[in-house]
$ cat protein35.cif   # mmCIF, C-alpha atoms
data_input
loop_
_atom_site.label_atom_id
_atom_site.label_comp_id
_atom_site.auth_asym_id
_atom_site.auth_seq_id
_atom_site.Cartn_x
_atom_site.Cartn_y
_atom_site.Cartn_z
CA MET A 210 -28.61 26.99 35.06
CA VAL A 211 -26.71 29.85 33.49
CA GLN A 212 -23.60 27.70 33.12
CA LEU A 213 -25.68 24.85 31.65
CA ARG A 214 -27.16 27.17 29.00
CA LYS A 215 -23.67 28.40 28.10
CA LEU A 216 -22.46 24.82 27.77
CA ASN A 217 -25.43 23.97 25.53
CA ARG A 218 -24.67 26.95 23.29
CA VAL A 219 -21.01 25.88 22.99
CA LEU A 220 -22.02 22.32 22.11
CA LEU A 221 -24.52 23.59 19.54
CA MET A 222 -21.88 25.76 17.89
CA LEU A 223 -19.46 22.84 17.76
CA LEU A 224 -22.15 20.66 16.17
CA ILE A 225 -22.89 23.30 13.53
CA LEU A 226 -19.17 23.69 12.81
CA MET A 227 -18.71 19.92 12.37
CA MET A 228 -21.68 19.75 9.97
CA TYR A 229 -20.20 22.64 7.96
CA ILE A 230 -16.82 20.88 7.70
CA ILE A 231 -18.45 17.63 6.54
CA LEU A 232 -20.52 19.42 3.89
CA TYR A 233 -17.51 21.41 2.68
CA SER A 234 -15.34 18.31 2.34
CA LYS A 235 -18.00 16.57 0.25
CA VAL A 236 -18.48 19.51 -2.08
CA HIS A 237 -14.73 20.08 -2.56
CA LYS A 238 -13.59 16.48 -2.40
CA VAL A 239 -10.34 15.79 -4.30
CA GLN A 240 -10.15 12.48 -6.11
CA LEU A 241 -6.91 10.69 -5.38
CA PRO A 242 -5.00 9.45 -8.44
CA ASN A 243 -5.55 5.85 -9.41
CA SER A 244 -2.65 3.54 -8.60
CA ASN A 245 -2.25 2.98 -12.34
CA THR A 246 -0.93 6.49 -12.79
CA GLY A 247 2.63 5.48 -12.04
CA GLU A 248 5.20 7.15 -9.81
CA SER A 249 5.03 10.70 -11.13
CA GLY A 250 3.01 13.00 -13.29
CA GLY A 251 -0.47 11.97 -12.12
CA VAL A 252 -1.55 10.85 -15.57
CA LYS A 253 -3.73 7.87 -16.31
CA MET A 254 -3.97 6.64 -19.88
CA GLU A 255 -7.07 4.87 -21.12
CA PRO A 256 -8.11 4.10 -24.70
CA GLY A 257 -9.87 6.95 -26.47
CA VAL A 258 -10.06 9.23 -23.43
CA THR A 259 -8.41 12.59 -22.83
CA HIS A 260 -7.17 13.22 -19.28
CA LYS A 261 -5.94 16.26 -17.41
CA ALA A 262 -2.93 15.74 -15.18
CA ALA A 263 -4.10 15.32 -11.59
CA GLY A 264 -2.66 17.32 -8.71
CA ARG A 265 0.18 15.70 -6.79
CA GLU A 266 2.65 16.69 -4.09
CA LYS A 267 4.85 18.17 -6.81
CA PRO A 268 2.65 20.40 -9.00
CA GLU A 269 5.44 21.07 -11.52
CA GLU A 270 5.41 17.36 -12.40
CA ALA A 271 1.62 17.28 -12.60
CA GLU A 272 1.71 20.20 -15.05
CA MET A 273 4.20 18.46 -17.31
CA LEU A 274 1.60 16.52 -19.27
CA GLU A 275 -1.52 18.55 -19.71
CA LYS A 276 -3.46 15.71 -21.25
CA VAL A 277 -3.05 12.29 -22.78
CA GLU A 278 -4.97 10.95 -25.71
CA THR A 279 -4.97 7.39 -27.02
CA VAL A 280 -6.00 7.01 -30.64
CA ALA A 281 -4.90 3.55 -31.72
CA GLN A 282 -5.15 -0.16 -30.99
CA VAL A 283 -3.28 -0.03 -27.68
CA GLU A 284 -5.97 -1.29 -25.34
CA GLU A 285 -3.75 -1.87 -22.32
CA VAL A 286 -0.15 -1.64 -21.20
CA ASP A 287 2.02 -4.37 -22.70
CA GLY A 288 5.14 -4.51 -20.57
CA ASN A 289 6.78 -6.88 -23.05
CA ALA A 290 6.49 -4.46 -25.97
CA ILE A 291 9.31 -2.17 -27.03
CA LEU A 292 8.34 1.39 -26.14
CA VAL A 293 9.73 4.08 -28.44
CA VAL A 294 9.20 7.77 -27.59
CA ILE A 295 9.36 10.32 -30.42
CA CYS A 296 8.48 14.01 -30.42
CA ALA A 297 6.39 15.42 -33.26
CA ALA A 298 6.52 19.19 -33.71
CA LYS A 299 3.97 20.60 -36.14
CA GLU A 300 6.62 22.11 -38.41
CA ARG A 301 8.67 18.86 -38.44
CA MET A 302 5.85 16.33 -38.53
CA GLY A 303 7.14 14.56 -41.63
CA GLY A 304 10.44 13.93 -39.87
CA ALA A 305 8.81 12.18 -36.93
CA MET A 306 6.65 10.06 -39.23
CA THR A 307 9.69 9.05 -41.26
CA THR A 308 11.47 7.94 -38.08
CA ILE A 309 8.43 5.88 -37.05
CA ASN A 310 8.16 4.29 -40.49
CA SER A 311 11.84 3.32 -40.52
CA VAL A 312 11.52 1.66 -37.11
CA ARG A 313 8.40 -0.37 -37.86
CA SER A 314 9.61 -1.39 -41.35
CA ASN A 315 12.80 -3.02 -40.07
CA THR A 316 11.58 -5.16 -37.18
CA GLU A 317 9.24 -8.00 -36.34
CA ALA A 318 9.17 -6.92 -32.69
CA ASN A 319 6.07 -5.67 -30.91
CA VAL A 320 6.61 -1.89 -30.85
CA ILE A 321 4.47 0.83 -29.29
CA PHE A 322 5.14 4.45 -30.20
CA TYR A 323 4.53 7.24 -27.72
CA ILE A 324 4.28 10.38 -29.85
CA VAL A 325 4.69 13.56 -27.82
CA THR A 326 3.49 16.85 -29.26
CA LEU A 327 2.01 20.22 -28.34
CA ARG A 328 -1.69 21.12 -28.24
CA ASP A 329 -1.65 22.69 -31.71
CA ALA A 330 -0.51 19.44 -33.33
CA VAL A 331 -2.52 16.71 -31.57
CA SER A 332 -5.21 16.54 -34.25
CA TYR A 333 -2.64 16.90 -37.05
CA THR A 334 -0.59 14.01 -35.68
CA ARG A 335 -3.64 11.76 -35.57
CA GLN A 336 -4.70 12.70 -39.10
CA TYR A 337 -1.22 12.05 -40.49
CA ILE A 338 -1.12 8.55 -39.02
CA GLU A 339 -4.69 7.42 -39.60
CA ASN A 340 -4.72 8.50 -43.26
CA SER A 341 -1.31 7.14 -44.28
CA ASP A 342 0.60 3.87 -44.44
CA LEU A 343 1.18 4.20 -40.70
CA LYS A 344 -2.47 3.57 -39.82
CA ASN A 345 -1.76 0.09 -38.42
CA ILE A 346 0.95 1.04 -35.92
CA LYS A 347 0.34 0.92 -32.17
CA PHE A 348 0.67 4.37 -30.68
CA LYS A 349 -0.42 6.92 -28.11
CA ILE A 350 -0.40 10.69 -28.54
CA LEU A 351 0.74 12.66 -25.50
CA GLU A 352 0.38 16.42 -25.20
CA PHE A 353 3.30 18.17 -23.52
CA ASN A 354 2.65 21.23 -21.39
CA PRO A 355 5.45 23.77 -22.02
CA MET A 356 4.62 25.59 -18.79
CA VAL A 357 6.73 23.00 -16.98
CA LEU A 358 9.75 24.79 -18.47
CA LYS A 359 8.83 28.20 -17.08
CA GLY A 360 11.89 29.80 -15.45
CA LYS A 361 14.19 27.04 -16.72
CA VAL A 362 15.01 28.16 -20.28
CA LYS A 363 16.36 31.53 -21.42
CA SER A 364 14.55 33.24 -24.27
CA ASP A 365 17.67 34.43 -26.11
CA SER A 366 18.81 32.02 -28.78
CA THR A 367 20.42 32.23 -32.19
CA ARG A 368 18.41 29.13 -33.12
CA PRO A 369 14.90 29.23 -31.60
CA ASP A 370 14.21 25.70 -32.88
CA LEU A 371 16.71 24.36 -30.34
CA LYS A 372 14.65 25.86 -27.52
CA HIS A 373 11.42 24.33 -28.74
CA PRO A 374 9.62 22.83 -25.71
CA LEU A 375 9.69 19.34 -27.23
CA ASN A 376 13.49 19.36 -27.10
CA PHE A 377 13.16 18.93 -23.35
CA VAL A 378 10.72 16.01 -23.36
CA ARG A 379 13.64 13.61 -22.94
CA PHE A 380 14.23 15.12 -19.47
CA TYR A 381 10.84 13.79 -18.38
CA LEU A 382 10.80 10.32 -19.97
CA PRO A 383 9.95 8.34 -16.79
CA LEU A 384 6.94 10.59 -16.23
CA LEU A 385 5.52 9.44 -19.57
CA VAL A 386 5.91 5.74 -19.00
CA ILE A 387 3.44 3.39 -17.36
CA GLY A 388 4.21 -0.31 -17.00
CA HIS A 389 7.56 -0.26 -18.81
CA LYS A 390 10.97 -0.69 -17.19
CA LYS A 391 12.88 0.31 -20.30
CA VAL A 392 12.25 2.87 -23.03
CA ILE A 393 13.96 4.10 -26.20
CA TYR A 394 13.97 7.78 -27.09
CA LEU A 395 14.67 8.87 -30.69
CA ASP A 396 15.00 12.34 -32.20
CA ASP A 397 12.81 13.13 -35.20
CA ASP A 398 15.79 13.55 -37.55
CA VAL A 399 16.76 9.88 -37.22
CA ILE A 400 16.12 6.87 -39.44
CA VAL A 401 16.57 3.31 -38.20
CA GLN A 402 17.95 0.77 -40.67
CA GLY A 403 18.56 -2.02 -38.16
CA ASP A 404 16.20 -4.01 -35.94
CA ILE A 405 15.06 -1.82 -33.04
CA GLN A 406 15.06 -4.97 -30.88
CA ASP A 407 18.87 -4.93 -30.97
CA LEU A 408 18.99 -1.34 -29.71
CA TYR A 409 16.48 -2.21 -27.01
CA ASN A 410 18.74 -5.06 -25.90
CA THR A 411 21.57 -2.62 -25.12
CA LYS A 412 22.99 -3.63 -21.74
CA LEU A 413 23.15 -0.92 -19.11
CA ASP A 414 25.80 -1.25 -16.42
CA PRO A 415 24.65 -1.39 -12.78
CA GLY A 416 23.83 2.08 -11.47
CA HIS A 417 23.43 3.55 -14.97
CA ALA A 418 20.05 5.11 -15.76
CA ALA A 419 20.72 5.54 -19.48
CA ALA A 420 22.85 4.59 -22.47
CA PHE A 421 23.96 7.09 -25.12
CA PRO A 422 26.08 7.02 -28.30
CA THR A 423 29.44 8.68 -27.67
CA ASP A 424 30.88 11.28 -30.03
CA CYS A 425 34.26 9.55 -29.75
CA ASP A 426 32.99 6.92 -32.18
CA LEU A 427 32.72 9.38 -35.07
CA PRO A 428 35.10 8.94 -38.03
CA SER A 429 38.29 10.96 -37.49
CA ASP A 430 37.72 13.25 -40.49
CA VAL A 431 34.26 14.18 -39.18
CA VAL A 432 35.68 14.86 -35.70
CA ARG A 433 38.33 17.16 -37.18
CA SER A 434 35.69 19.13 -39.10
CA MET A 435 33.63 19.63 -35.95
CA GLY A 436 36.40 20.84 -33.67
CA MET A 437 35.42 21.07 -30.00
CA GLN A 438 31.79 20.08 -30.56
CA THR A 439 32.65 16.46 -29.67
CA THR A 440 33.98 17.35 -26.20
CA TYR A 441 32.62 18.98 -23.05
CA MET A 442 34.56 22.13 -23.97
CA GLY A 443 32.13 22.61 -26.86
CA PHE A 444 29.12 22.64 -24.54
CA LEU A 445 30.13 24.20 -21.20
CA ASP A 446 31.58 27.62 -20.41
CA TYR A 447 34.81 26.76 -18.61
CA ARG A 448 35.37 30.44 -17.81
CA LYS A 449 32.78 29.99 -15.07
CA MET A 450 34.03 28.78 -11.68
CA GLN A 451 30.88 26.70 -11.17
CA VAL A 452 31.72 24.73 -14.31
CA ARG A 453 35.38 24.26 -13.39
CA ASP A 454 34.36 23.10 -9.91
CA LEU A 455 32.55 20.15 -11.50
CA GLY A 456 35.95 18.56 -12.12
CA ILE A 457 35.02 17.55 -15.67
CA ASN A 458 37.95 17.32 -18.07
CA PRO A 459 37.11 19.75 -20.92
CA SER A 460 38.57 17.31 -23.45
CA GLU A 461 36.27 14.54 -22.21
CA CYS A 462 34.26 13.04 -25.07
CA SER A 463 30.64 14.17 -25.20
CA PHE A 464 27.65 11.99 -26.06
CA ASN A 465 24.56 12.55 -28.17
CA PRO A 466 21.17 12.52 -26.39
CA GLY A 467 19.23 12.13 -29.63
CA VAL A 468 19.27 8.36 -29.13
CA ILE A 469 18.75 7.10 -25.58
CA VAL A 470 18.03 3.76 -23.95
CA VAL A 471 16.58 4.42 -20.50
CA ASP A 472 16.29 2.29 -17.37
CA VAL A 473 13.12 3.89 -16.06
CA GLU A 474 13.37 2.65 -12.49
CA GLU A 475 17.03 3.69 -12.12
CA TRP A 476 16.25 7.13 -13.57
CA ARG A 477 13.54 7.59 -10.98
CA ARG A 478 15.71 6.27 -8.16
CA GLN A 479 18.46 8.76 -8.96
CA LYS A 480 15.94 11.59 -9.47
CA ILE A 481 17.56 12.44 -12.80
CA THR A 482 14.71 14.72 -13.85
CA LYS A 483 15.20 16.92 -10.78
CA GLN A 484 18.96 17.02 -11.44
CA LEU A 485 18.36 18.16 -15.03
CA GLU A 486 15.89 20.82 -13.94
CA GLY A 487 18.41 22.03 -11.36
CA TRP A 488 21.07 22.55 -14.01
CA MET A 489 18.59 24.32 -16.27
CA GLN A 490 17.80 26.76 -13.47
CA SER A 491 21.50 27.23 -12.74
CA ASN A 492 22.07 28.15 -16.36
CA VAL A 493 19.27 30.72 -16.31
CA ARG A 494 20.93 32.26 -13.27
CA ASP A 495 24.64 31.87 -14.09
CA ASN A 496 24.82 31.26 -17.87
CA LEU A 497 26.84 28.05 -17.60
CA TYR A 498 26.28 27.09 -21.21
CA THR A 499 25.17 29.34 -24.02
CA SER A 500 23.27 28.62 -27.20
CA SER A 501 26.15 30.06 -29.20
CA MET A 502 28.55 27.50 -27.72
CA ALA A 503 26.44 24.38 -27.76
CA GLY A 504 23.85 25.25 -30.37
CA GLY A 505 21.16 24.80 -27.74
CA VAL A 506 20.52 24.17 -24.09
CA ALA A 507 19.07 20.64 -24.00
CA THR A 508 22.35 18.72 -24.27
CA PRO A 509 24.56 20.38 -21.57
CA PRO A 510 22.36 19.45 -18.56
CA MET A 511 22.45 15.82 -19.64
CA LEU A 512 26.22 15.93 -20.13
CA ILE A 513 26.60 17.15 -16.55
CA ALA A 514 24.05 14.85 -14.92
CA PHE A 515 25.37 11.76 -16.68
CA TYR A 516 29.09 12.54 -16.55
CA GLN A 517 30.87 9.16 -16.35
CA LYS A 518 27.56 7.58 -15.32
CA TYR A 519 26.16 6.22 -18.57
CA SER A 520 26.55 3.12 -20.72
CA ASP A 521 27.62 3.16 -24.36
CA ILE A 522 25.35 2.42 -27.29
CA ASP A 523 27.09 0.45 -30.02
CA ALA A 524 28.75 2.81 -32.53
CA ASN A 525 26.84 1.30 -35.45
CA TRP A 526 23.65 2.47 -33.78
CA HIS A 527 24.53 6.12 -34.23
CA ILE A 528 26.10 7.50 -37.37
CA GLY A 529 25.53 11.14 -36.57
CA HIS A 530 26.20 14.74 -37.56
CA LEU A 531 24.82 14.17 -41.06
CA GLY A 532 23.16 17.56 -40.65
CA TRP A 533 26.27 19.34 -39.43
CA SER A 534 27.23 20.72 -42.84
CA PRO A 535 26.03 20.38 -46.44
CA ASP A 536 29.59 19.20 -47.13
CA THR A 537 29.53 16.36 -44.58
CA TRP A 538 29.90 13.16 -46.54
CA TYR A 539 30.22 9.49 -45.64
CA SER A 540 30.76 6.65 -48.09
CA GLU A 541 27.51 5.12 -49.32
CA ALA A 542 28.72 1.64 -48.44
CA PHE A 543 29.42 2.72 -44.86
CA LEU A 544 26.00 4.34 -44.44
CA HIS A 545 24.13 1.35 -45.85
CA THR A 546 25.64 -0.91 -43.18
CA ALA A 547 24.75 1.45 -40.32
CA ASN A 548 21.83 0.63 -38.05
CA LEU A 549 20.87 4.25 -37.42
CA LEU A 550 21.53 7.55 -39.19
CA HIS A 551 21.14 10.93 -37.48
CA TRP A 552 20.93 14.29 -39.23
CA ASN A 553 21.65 16.31 -36.09
CA GLY A 554 22.72 19.84 -36.99
CA ARG A 555 21.18 22.64 -39.02
CA PHE A 556 20.77 20.81 -42.33
CA LYS A 557 17.80 18.47 -42.06
CA PRO A 558 16.97 15.75 -44.59
CA TRP A 559 13.52 17.20 -45.35
CA ASP A 560 15.11 20.54 -46.19
CA PHE A 561 17.71 21.71 -48.68
CA PRO A 562 20.66 21.75 -48.81
CA CYS A 563 21.32 18.46 -47.04
CA VAL A 564 23.38 15.33 -47.59
CA HIS A 565 22.41 11.71 -48.21
CA MET A 566 18.77 12.73 -48.54
CA GLU A 567 17.96 9.65 -50.63
CA LEU A 568 18.59 7.38 -47.62
CA TRP A 569 16.09 9.37 -45.58
CA GLU A 570 13.50 9.64 -48.38
CA LYS A 571 13.36 5.84 -48.63
CA TRP A 572 11.29 5.87 -45.42
CA TYR A 573 9.43 9.14 -45.94
CA VAL A 574 5.65 8.93 -45.59
CA PRO A 575 3.93 11.74 -47.56
CA ASP A 576 1.62 13.94 -45.52
CA PRO A 577 -2.00 13.04 -46.41
CA THR A 578 -3.09 16.54 -45.31
CA GLY A 579 -0.58 18.22 -47.64
CA ARG A 580 0.82 20.48 -44.91
CA PHE A 581 4.32 18.98 -44.69
CA VAL A 582 6.21 19.39 -47.98
CA LEU A 583 9.80 18.40 -48.75
CA VAL A 584 12.13 21.19 -49.85
CA ARG A 585 14.11 20.03 -52.86
CA PRO A 586 16.11 21.84 -55.60
CA GLU A 587 13.47 21.15 -58.23
CA SER A 588 10.75 22.59 -55.97
#
$ encode --input "protein35.cif" --output "structure tokens"
Amino acid sequence: MVQLRKLNRVLLMLLILMMYIILYSKVHKVQLPNSNTGESGGVKMEPGVTHKAAGREKPEEAEMLEKVETVAQVEEVDGNAILVVICAAKERMGGAMTTINSVRSNTEANVIFYIVTLRDAVSYTRQYIENSDLKNIKFKILEFNPMVLKGKVKSDSTRPDLKHPLNFVRFYLPLLVIGHKKVIYLDDDVIVQGDIQDLYNTKLDPGHAAAFPTDCDLPSDVVRSMGMQTTYMGFLDYRKMQVRDLGINPSECSFNPGVIVVDVEEWRRQKITKQLEGWMQSNVRDNLYTSSMAGGVATPPMLIAFYQKYSDIDANWHIGHLGWSPDTWYSEAFLHTANLLHWNGRFKPWDFPCVHMELWEKWYVPDPTGRFVLVRPES
């Protein structure tokens, strides 16, 4: 009898424990991400709804997009549309809107814009679009969580703008994309004069996750004025053994990641994002590339990860370095025939001094809120 009572007590305790576990699991149940969230990031986009990134096996990816907000006519994913990703920083909002306007004004293609910004500019971005000539474009606003960069970017920089969190959005492009196999990324200091469909049609070689414009295609007089900034020597610190061990010829031509055509599936397959994050962390630890050498830290990781593993974008789709110097000058006839102009460098077309500002102003959309104002000599 004594043994039977002991057995009954044990069974009763087990029953109580099982009931506790069942109740706990119901109260703290974790909703699994919907299959529509894509491969990474745990983000589901639905019209007019703001979402927090859901927890996944890799929390750093889940943190990357803190929320997603849709504020336009995009009711569902259109895999046949051309997806263009552009970052919109609050202090450069007019630049991003000018880029968007130049794209949509020069094509008949079905284009969707993914506009990535920070929390303090989500409402501003929406107001700018909905109260301007851009109100009929198809777009989504995505909020980027800068905490994903914690421990990956040094705080010391001669140009803080180059370490702005949005400069690193291009590292995470496949995490933004749902239902698209290909995506175009454009910097906000770009204007497009050609048909974006032609850029989208850029052929990527087998095994290549991206296509970039090479700096070797710059006019010779521009190359001479820039010195080493068109080669790997201008971006990496070859005094470091870890850099020399990469086996990269320092005179190898660099490329510009301000215009990218991405094969989303190949990028994911090669785990490019993890490679880029790895090089960022290596730089924090070993100082492989400095802001004083490269003018920033967003380009060098891409140069390493994509060394001899990228396709070329046609030279006419990137006439760059217009912002390198207020003395940089191309012939007007040459610039008018170009498909894309890029004011990469310190001297932006919404500021002064700058060059060829009239070509940029042709596509400028004035800020309906009055916050973004062009800087011009007469002002």
$ residues_around --input "protein35.cif" --residues "Lys483 (chain A)" --least-positions-apart "4" --cutoff "12 Å" --atoms "only C-alpha atoms" --output "PyMOL selection string"
chain A and resi 249+267+269-270+361+380-381+383-384+476-479+487-490+510-511+514
$ write_last_selection --input "protein35.cif" --atoms "C-alpha atoms" --output "PDB file, keeping the file's coordinate frame"
ATOM      1  CA  SER A 249       5.030  10.700 -11.130  1.00  0.00           C
ATOM      2  CA  LYS A 267       4.850  18.170  -6.810  1.00  0.00           C
ATOM      3  CA  GLU A 269       5.440  21.070 -11.520  1.00  0.00           C
ATOM      4  CA  GLU A 270       5.410  17.360 -12.400  1.00  0.00           C
ATOM      5  CA  LYS A 361      14.190  27.040 -16.720  1.00  0.00           C
ATOM      6  CA  PHE A 380      14.230  15.120 -19.470  1.00  0.00           C
ATOM      7  CA  TYR A 381      10.840  13.790 -18.380  1.00  0.00           C
ATOM      8  CA  PRO A 383       9.950   8.340 -16.790  1.00  0.00           C
ATOM      9  CA  LEU A 384       6.940  10.590 -16.230  1.00  0.00           C
ATOM     10  CA  TRP A 476      16.250   7.130 -13.570  1.00  0.00           C
ATOM     11  CA  ARG A 477      13.540   7.590 -10.980  1.00  0.00           C
ATOM     12  CA  ARG A 478      15.710   6.270  -8.160  1.00  0.00           C
ATOM     13  CA  GLN A 479      18.460   8.760  -8.960  1.00  0.00           C
ATOM     14  CA  GLY A 487      18.410  22.030 -11.360  1.00  0.00           C
ATOM     15  CA  TRP A 488      21.070  22.550 -14.010  1.00  0.00           C
ATOM     16  CA  MET A 489      18.590  24.320 -16.270  1.00  0.00           C
ATOM     17  CA  GLN A 490      17.800  26.760 -13.470  1.00  0.00           C
ATOM     18  CA  PRO A 510      22.360  19.450 -18.560  1.00  0.00           C
ATOM     19  CA  MET A 511      22.450  15.820 -19.640  1.00  0.00           C
ATOM     20  CA  ALA A 514      24.050  14.850 -14.920  1.00  0.00           C
TER      21      ALA A 514
END
$ resolve_selection --input "protein35.cif" --expression "the PyMOL selection byres ((chain A and resi 441) around 10)" --output "list of chain:residue names"
A:Met437, A:Gln438, A:Thr439, A:Thr440, A:Met442, A:Gly443, A:Phe444, A:Leu445, A:Asp446, A:Tyr447, A:Ile457, A:Asn458, A:Pro459, A:Ser460, A:Glu461, A:Cys462, A:Ser463, A:Phe464, A:Ala503, A:Pro509, A:Leu512, A:Ile513, A:Tyr516
$ resolve_selection --input "protein35.cif" --expression "the PyMOL selection byres ((chain A and resi 413) around 12)" --output "list in words"
Lys391, Leu408, Tyr409, Asn410, Thr411, Lys412, Asp414, Pro415, Gly416, His417, Ala418, Ala419, Ala420, Phe421, Ile469, Val470, Val471, Asp472, Val473, Glu475, Trp476, Lys518, Tyr519, Ser520, Asp521, Ile522 and Asp523 of chain A
$ atom_distance --input "protein35.cif" --atom1 "CA of Ala298 (chain A)" --atom2 "CA of Cys563 (chain A)"
19.9 Å
$ closest_residue --input "protein35.cif" --among "A:Gly554, A:Asn310, A:Cys296, A:Val386" --to "Thr334 (chain A)" --atoms "only C-alpha atoms"
A:Cys296
$ atom_distance --input "protein35.cif" --atom1 "CA of Thr423 (chain A)" --atom2 "CA of Leu497 (chain A)"
22.0 Å
$ atom_distance --input "protein35.cif" --atom1 "CA of Thr308 (chain A)" --atom2 "CA of Ala524 (chain A)"
18.9 Å
$ resolve_selection --input "protein35.cif" --expression "the PyMOL selection byres ((chain A and resi 372-375) around 9)" --output "ChimeraX atom specification"
/A:296-298,325-327,353-356,358,362-364,366,368-371,376-379,505-507
$ residues_around --input "protein35.cif" --residues "Val564 (chain A)" --least-positions-apart "4" --cutoff "7 Å" --atoms "all atoms listed in the file" --output "PyMOL selection string"
chain A and resi 531+535+537-538
$ write_last_selection --input "protein35.cif" --atoms "C-alpha atoms" --output "PDB file, in the frame of the given file"
ATOM      1  CA  LEU A 531      24.820  14.170 -41.060  1.00  0.00           C
ATOM      2  CA  PRO A 535      26.030  20.380 -46.440  1.00  0.00           C
ATOM      3  CA  THR A 537      29.530  16.360 -44.580  1.00  0.00           C
ATOM      4  CA  TRP A 538      29.900  13.160 -46.540  1.00  0.00           C
TER       5      TRP A 538
END
$ closest_residue --input "protein35.cif" --among "A:Leu485, A:Ile393, A:Ile291, A:Gly303" --to "Val584 (chain A)" --atoms "all atoms listed in the file"
A:Gly303
$ closest_residue --input "protein35.cif" --among "A:His530, A:Lys347, A:Lys449, A:Lys480" --to "Leu550 (chain A)" --atoms "only C-alpha atoms"
A:His530
$ closest_atom_pairs --input "protein35.cif" --of "region 551-581 of chain A" --to "region 338-342 of chain A" --cutoff "8 Å" --atoms "all atoms listed in the file" --output "CSV"
residue,atom,partner,partner_atom,distance
A:Val574,CA,A:Asp342,CA,7.2
A:Pro575,CA,A:Ser341,CA,7.7
A:Asp576,CA,A:Ser341,CA,7.5
A:Pro577,CA,A:Asn340,CA,6.2
$ closest_residue --input "protein35.cif" --among "A:Lys359, A:Ala305, A:Tyr394, A:Ile350" --to "Val293 (chain A)" --atoms "only C-alpha atoms"
A:Tyr394
$ closest_residue --input "protein35.cif" --among "A:Ser534, A:Ser314, A:Gln402, A:Ser332" --to "Thr578 (chain A)" --atoms "only C-alpha atoms"
A:Ser332
$ closest_residue --input "protein35.cif" --among "A:Gln517, A:Gln336, A:Asn345, A:Thr546" --to "Gly456 (chain A)" --atoms "all atoms listed in the file"
A:Gln517
$ residues_around --input "protein35.cif" --residues "Trp569 (chain A)" --least-positions-apart "2" --cutoff "9 Å" --atoms "only C-alpha atoms" --output "PyMOL selection string"
chain A and resi 307-308+311+399-400+550+558-559+565-567+571-573
